[in-house]
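What follows is work15.cif (mmCIF, C-alpha atoms).
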```
data_start
loop_
_atom_site.label_atom_id
_atom_site.label_comp_id
_atom_site.auth_asym_id
_atom_site.auth_seq_id
_atom_site.Cartn_x
_atom_site.Cartn_y
_atom_site.Cartn_z
CA GLY A 93 0.00 0.00 0.00
CA ALA A 94 0.87 3.65 -0.14
CA GLY A 95 1.46 3.99 3.56
CA VAL A 96 1.70 2.06 6.80
CA SER A 97 -1.76 0.89 7.79
CA GLN A 98 -2.72 0.08 11.37
CA SER A 99 -5.91 -1.43 12.67
CA PRO A 100 -8.01 -0.89 14.57
CA SER A 101 -7.55 2.86 14.88
CA ASN A 102 -9.22 2.78 18.29
CA LYS A 103 -9.73 -0.06 20.72
CA VAL A 104 -11.47 0.00 24.08
CA THR A 105 -11.08 -3.17 26.11
CA GLU A 106 -11.82 -4.36 29.59
CA LYS A 107 -8.99 -4.95 32.01
CA GLY A 108 -7.82 -8.54 31.82
CA LYS A 109 -8.82 -9.12 28.19
CA ASP A 110 -6.35 -9.84 25.41
CA VAL A 111 -5.96 -7.51 22.43
CA GLU A 112 -4.33 -7.79 19.02
CA LEU A 113 -3.05 -4.80 17.12
CA ARG A 114 -2.22 -5.09 13.44
CA CYS A 115 0.31 -3.34 11.25
CA ASP A 116 0.54 -3.51 7.44
CA PRO A 117 3.88 -1.99 6.42
CA ILE A 118 4.74 -0.39 3.12
CA SER A 119 5.31 -3.05 0.50
CA GLY A 120 8.99 -3.93 0.23
CA HIS A 121 9.99 -2.45 3.58
CA THR A 122 11.99 -5.13 5.36
CA ALA A 123 12.36 -3.36 8.69
CA LEU A 124 9.36 -2.91 10.98
CA TYR A 125 9.21 -1.20 14.38
CA TRP A 126 6.63 -0.92 17.13
CA TYR A 127 6.60 2.08 19.47
CA ARG A 128 4.30 3.04 22.32
CA GLN A 129 3.24 6.63 23.01
CA SER A 130 1.75 7.29 26.42
CA LEU A 131 -0.12 10.51 27.15
CA GLY A 132 2.28 13.42 27.24
CA GLN A 133 5.27 11.21 26.58
CA GLY A 134 7.57 10.59 23.68
CA LEU A 135 7.65 7.40 21.74
CA GLU A 136 9.01 4.35 23.53
CA PHE A 137 10.65 1.62 21.45
CA LEU A 138 9.07 -1.81 21.85
CA ILE A 139 10.41 -4.19 19.19
CA TYR A 140 12.21 -4.31 15.85
CA PHE A 141 11.65 -6.84 13.06
CA GLN A 142 14.00 -7.60 10.22
CA GLY A 143 11.99 -9.80 7.92
CA ASN A 144 10.16 -12.24 10.16
CA SER A 145 12.73 -12.29 12.93
CA ALA A 146 12.93 -9.91 15.89
CA PRO A 147 16.57 -9.26 16.71
CA ASP A 148 15.64 -6.60 19.25
CA LYS A 149 12.64 -7.04 21.50
CA SER A 150 14.26 -5.27 24.43
CA GLY A 151 11.52 -2.67 24.74
CA LEU A 152 8.63 -5.05 25.40
CA PRO A 153 7.48 -4.02 28.90
CA SER A 154 6.55 -7.46 30.20
CA ASP A 155 5.87 -11.03 29.16
CA ARG A 156 2.25 -10.03 28.56
CA PHE A 157 3.48 -8.35 25.38
CA SER A 158 4.41 -10.33 22.28
CA ALA A 159 4.68 -9.65 18.59
CA GLU A 160 5.10 -11.58 15.42
CA ARG A 161 5.56 -10.88 11.76
CA THR A 162 4.63 -13.21 8.94
CA GLY A 163 5.62 -13.29 5.29
CA GLY A 164 7.96 -10.40 5.88
CA SER A 165 4.91 -8.19 5.87
CA VAL A 166 2.04 -7.96 8.36
CA SER A 167 2.89 -7.72 12.05
CA THR A 168 0.66 -8.31 15.06
CA LEU A 169 1.30 -6.96 18.54
CA THR A 170 -0.54 -8.92 21.21
CA ILE A 171 -1.14 -7.77 24.74
CA GLN A 172 -2.45 -10.42 27.12
CA ARG A 173 -4.39 -9.72 30.31
CA THR A 174 -4.46 -6.00 29.62
CA GLN A 175 -3.90 -3.54 32.45
CA GLN A 176 -4.88 0.12 32.69
CA GLU A 177 -1.25 1.18 32.35
CA ASP A 178 -1.26 -0.40 28.89
CA SER A 179 -3.50 2.43 27.68
CA ALA A 180 -1.52 4.32 25.05
CA VAL A 181 -1.17 4.88 21.33
CA TYR A 182 0.72 2.04 19.68
CA LEU A 183 2.59 3.15 16.57
CA CYS A 184 4.10 1.00 13.88
CA ALA A 185 6.77 2.16 11.43
CA SER A 186 8.51 0.53 8.50
CA SER A 187 11.57 1.28 6.42
CA PHE A 188 14.02 -0.25 4.03
CA LEU A 189 16.84 -1.97 5.87
CA GLN A 190 19.25 0.45 7.49
CA ASP A 191 17.36 3.46 6.19
CA PRO A 192 15.93 5.08 9.34
CA TYR A 193 15.57 8.35 7.51
CA GLY A 194 12.98 6.65 5.39
CA TYR A 195 10.91 5.64 8.41
CA THR A 196 7.18 5.90 7.74
CA PHE A 197 4.85 5.76 10.70
CA GLY A 198 1.29 4.55 10.68
CA SER A 199 -1.45 6.56 12.34
CA GLY A 200 -1.42 4.30 15.35
CA THR A 201 -3.93 2.34 17.42
CA ARG A 202 -5.28 4.17 20.45
CA LEU A 203 -5.80 1.54 23.14
CA THR A 204 -7.92 2.31 26.17
CA VAL A 205 -8.16 -0.24 28.97
CA VAL A 206 -11.14 0.33 31.25
CA GLY B 120 13.52 3.26 28.66
CA GLN B 121 16.03 5.98 27.92
CA GLN B 122 14.61 9.27 26.69
CA LEU B 123 16.03 12.52 25.53
CA ASN B 124 15.29 15.64 27.56
CA GLN B 125 13.28 17.95 25.35
CA SER B 126 12.22 21.49 26.26
CA PRO B 127 10.02 23.33 26.49
CA GLN B 128 7.13 20.93 27.05
CA SER B 129 4.70 23.38 25.48
CA MET B 130 4.65 26.75 23.77
CA PHE B 131 1.85 29.22 23.06
CA ILE B 132 2.85 31.82 20.50
CA GLN B 133 1.38 34.37 18.14
CA GLU B 134 1.43 33.86 14.41
CA GLY B 135 4.58 35.34 12.96
CA GLU B 136 6.76 34.71 15.99
CA ASP B 137 9.87 32.55 15.92
CA VAL B 138 10.07 29.34 17.95
CA SER B 139 13.01 27.47 19.42
CA MET B 140 13.11 24.07 21.10
CA ASN B 141 15.98 21.82 22.09
CA CYS B 142 16.98 18.36 23.17
CA THR B 143 19.79 17.15 25.36
CA SER B 144 21.05 13.70 26.18
CA SER B 145 23.59 12.07 28.44
CA SER B 146 24.48 9.74 25.57
CA ILE B 147 26.09 10.42 22.21
CA PHE B 148 23.98 9.98 19.10
CA ASN B 149 25.26 9.57 15.55
CA THR B 150 22.19 11.14 14.00
CA TRP B 151 19.55 13.53 15.26
CA LEU B 152 16.10 13.70 13.76
CA TRP B 153 13.20 16.08 14.24
CA TYR B 154 9.59 14.94 13.72
CA LYS B 155 6.20 16.63 13.75
CA GLN B 156 3.04 14.84 14.84
CA GLU B 157 -0.46 16.11 14.15
CA PRO B 158 -3.55 14.83 15.97
CA GLY B 159 -4.49 11.29 15.04
CA GLU B 160 -1.42 10.80 12.89
CA GLY B 161 2.00 9.28 13.23
CA PRO B 162 5.13 11.44 13.37
CA VAL B 163 6.49 12.79 10.10
CA LEU B 164 10.19 13.49 9.58
CA LEU B 165 11.09 17.17 9.23
CA ILE B 166 14.88 17.29 9.34
CA ALA B 167 17.72 14.78 9.70
CA LEU B 168 21.17 15.77 10.97
CA TYR B 169 24.12 13.50 10.32
CA LYS B 170 27.28 15.28 11.49
CA ALA B 171 28.27 17.05 14.67
CA GLY B 172 28.05 20.79 14.18
CA GLU B 173 25.81 20.45 11.14
CA LEU B 174 23.24 23.18 10.55
CA THR B 175 20.41 22.24 8.19
CA SER B 176 17.41 24.16 6.93
CA ASN B 177 14.11 23.02 5.46
CA GLY B 178 12.03 26.04 4.51
CA ARG B 179 11.26 27.95 7.69
CA LEU B 180 12.82 25.21 9.83
CA THR B 181 16.45 25.21 10.91
CA ALA B 182 18.06 22.53 13.04
CA GLN B 183 21.55 21.99 14.41
CA PHE B 184 23.44 18.91 15.57
CA GLY B 185 25.42 19.87 18.66
CA ILE B 186 29.18 19.64 18.51
CA THR B 187 29.25 17.25 21.48
CA ARG B 188 26.69 15.00 19.70
CA LYS B 189 24.60 15.17 22.86
CA ASP B 190 22.20 17.93 21.88
CA SER B 191 20.21 19.48 19.05
CA PHE B 192 17.88 22.39 18.55
CA LEU B 193 15.07 23.21 16.14
CA ASN B 194 14.01 26.72 15.17
CA ILE B 195 10.84 27.65 13.33
CA SER B 196 10.76 31.13 11.89
CA ALA B 197 7.68 33.24 11.17
CA SER B 198 5.26 30.66 12.58
CA ILE B 199 1.90 30.06 10.91
CA PRO B 200 -1.24 28.34 12.25
CA SER B 201 -0.47 25.09 10.42
CA ASP B 202 2.73 24.73 12.46
CA VAL B 203 0.52 23.54 15.33
CA GLY B 204 1.40 20.05 16.51
CA ILE B 205 3.81 18.10 18.67
CA TYR B 206 7.48 18.26 17.75
CA PHE B 207 9.78 15.43 18.73
CA CYS B 208 13.51 15.09 18.65
CA ALA B 209 14.95 11.63 18.18
CA GLY B 210 18.43 10.21 18.38
CA LEU B 211 19.84 7.34 16.37
CA GLY B 212 22.90 5.49 17.55
CA GLY B 213 24.31 2.41 19.12
CA THR B 214 22.67 -0.07 16.79
CA SER B 215 23.09 -1.05 13.17
CA TYR B 216 19.40 -0.51 12.52
CA GLY B 217 16.97 2.32 12.95
CA LYS B 218 16.12 2.11 16.63
CA LEU B 219 15.23 5.64 17.72
CA THR B 220 15.23 7.24 21.15
CA PHE B 221 12.65 10.02 21.39
CA GLY B 222 12.28 13.17 23.44
CA GLN B 223 9.07 13.84 25.34
CA GLY B 224 7.83 16.28 22.72
CA THR B 225 7.04 20.01 22.54
CA ILE B 226 3.39 20.92 22.06
CA LEU B 227 3.18 24.01 19.86
CA THR B 228 0.08 26.20 19.74
CA VAL B 229 -0.01 29.13 17.32
CA HIS B 230 -2.63 31.83 17.81
CA PRO B 231 -3.70 33.63 14.61
#
```
Will you turn the file into structure tokens for me?
Amino acid sequence: GAGVSQSPSNKVTEKGKDVELRCDPISGHTALYWYRQSLGQGLEFLIYFQGNSAPDKSGLPSDRFSAERTGGSVSTLTIQRTQQEDSAVYLCASSFLQDPYGYTFGSGTRLTVV
Amino acid sequence: GQQLNQSPQSMFIQEGEDVSMNCTSSSIFNTWLWYKQEPGEGPVLLIALYKAGELTSNGRLTAQFGITRKDSFLNISASIPSDVGIYFCAGLGGTSYGKLTFGQGTILTVHP
């Protein structure tokens, strides 16, 4: 596609439920990143994919968070047993390998845990 | 996680005024980037700085990469209402891929 597509754009979930957030990167972009943006904060790195592998998942806050990427394309970020502190905007970005200047962000998924 | 210290947190200015914001870090970065984020959208790259001491302009925007590689500033001249948004600095370094460390953001409001 023309840009990075994320879905859903908004998600309200009850505490304790699992959620899945989806990212469709720009076609041909081999690198994919997930960031989290909490209210009034900058973006916090979560995980980096190169192809289908995740050489850096150091930013995942806890073992409730996991992510996968299939076919070198679509990525899913899963949060299990959601907590209120998980409420944030989750942003996905993609780029060609080693071209961070060509980062393109999606519009994000706003997650609210009630 | 590590974050850059960005200031000011917010600015309220009149149209036509100049704006300045800056970022500092305790760590060295090889590249500094400045992004703008509008409501409901992801950040968009404004300026990238690759060398210490570099001064780069993009229209009414000017940014500099500090000589110590631990700071950067962004100036916006003759602000207009569409400059409204959140401005983020970001540092790139320490990895062979594009992992970015972001500042907390500066919220800019421009009054017509």
- request: Please identify all polymer residues lying at most 10 Å from the point (15.8, 1.1, 13.0) (file coordinates), using only C-alpha atoms, and present the result as a list in words.
  value: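 Within the cut-off we find Ala123, Leu124, Tyr125, Phe137, Ile139, Tyr140, Phe141, Gln142, Asp148, Ala185, Ser186, Ser187, Phe188, Leu189, Gln190, Asp191, Pro192, Tyr193, Gly194 and Tyr195 of chain A; Leu211, Gly212, Thr214, Ser215, Tyr216, Gly217, Lys218 and Leu219 of chain B.
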message: Here is a test: counting only C-alpha atoms, which residue of A:Ser99, A:Ser119, A:Gln133, A:Thr204 is nearest to chain B?
response: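 Residue with the minimum atom-to-atom distance to chain B: A:Gln133.
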task: Dump as a ChimeraX atom specification the residues of chain B that approach chain A to within 12 Å, counting only C-alpha atoms.
output: /B:120-125,128-129,150-169,205-212,214-226
query: Interatomic distance between CA of Gly178 in chain B and CA of Asn149 in chain B?
result: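 Interatomic distance, CA of Gly178 in chain B to CA of Asn149 in chain B: 23.8 Å.
Counting from CA of Gly135 in chain B, the distance to CA of Ser196 in chain B is 7.6 Å.
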field: For CA of Ser145 in chain B and CA of Leu174 in chain B, the interatomic separation in Å (one decimal)
entry: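 So the answer is 21.1 Å.
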So that I can see what lies close to Val138 in chain B, please list as a PDB file with C-alpha atoms, in the coordinates of the input the residues with an atom at most 9 Å from it, counting only C-alpha atoms and leaving out residues fewer than 5 positions away in the same chain.
```
ATOM      1  CA  MET B 130       4.650  26.750  23.770  1.00  0.00           C
ATOM      2  CA  ILE B 132       2.850  31.820  20.500  1.00  0.00           C
ATOM      3  CA  LEU B 193      15.070  23.210  16.140  1.00  0.00           C
ATOM      4  CA  ASN B 194      14.010  26.720  15.170  1.00  0.00           C
ATOM      5  CA  ILE B 195      10.840  27.650  13.330  1.00  0.00           C
ATOM      6  CA  SER B 196      10.760  31.130  11.890  1.00  0.00           C
ATOM      7  CA  ALA B 197       7.680  33.240  11.170  1.00  0.00           C
ATOM      8  CA  SER B 198       5.260  30.660  12.580  1.00  0.00           C
ATOM      9  CA  LEU B 227       3.180  24.010  19.860  1.00  0.00           C
TER      10      LEU B 227
END
```
Centre and size of axis-aligned box enclosing range 166-172 of chain B plus 4 Å each side, as AutoDock Vina command-line options:
```
--center_x 21.6 --center_y 17.1 --center_z 12.0 --size_x 21.4 --size_y 15.3 --size_z 13.3
```
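Between Gly164 in chain A and the residues A:Leu152, A:Pro147, A:Gln176, A:Gly120, the shortest atom-to-atom distance, using only C-alpha atoms, involves A:Gly120.
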task: Pull the neighbourhood of (-4.5, 4.1, 27.7) for me: all residues within 6 Å in file coordinates, counting only C-alpha atoms, as a ChimeraX atom specification.
output: /A:178-180,203-205
- prompt: Could you write out as JSON, numbers by chain the residues that the PyMOL selection byres ((chain B and resi 188) around 6) matches in the shown file?
  reply: {"B": [147, 148, 171, 185, 186, 187, 189, 190]}
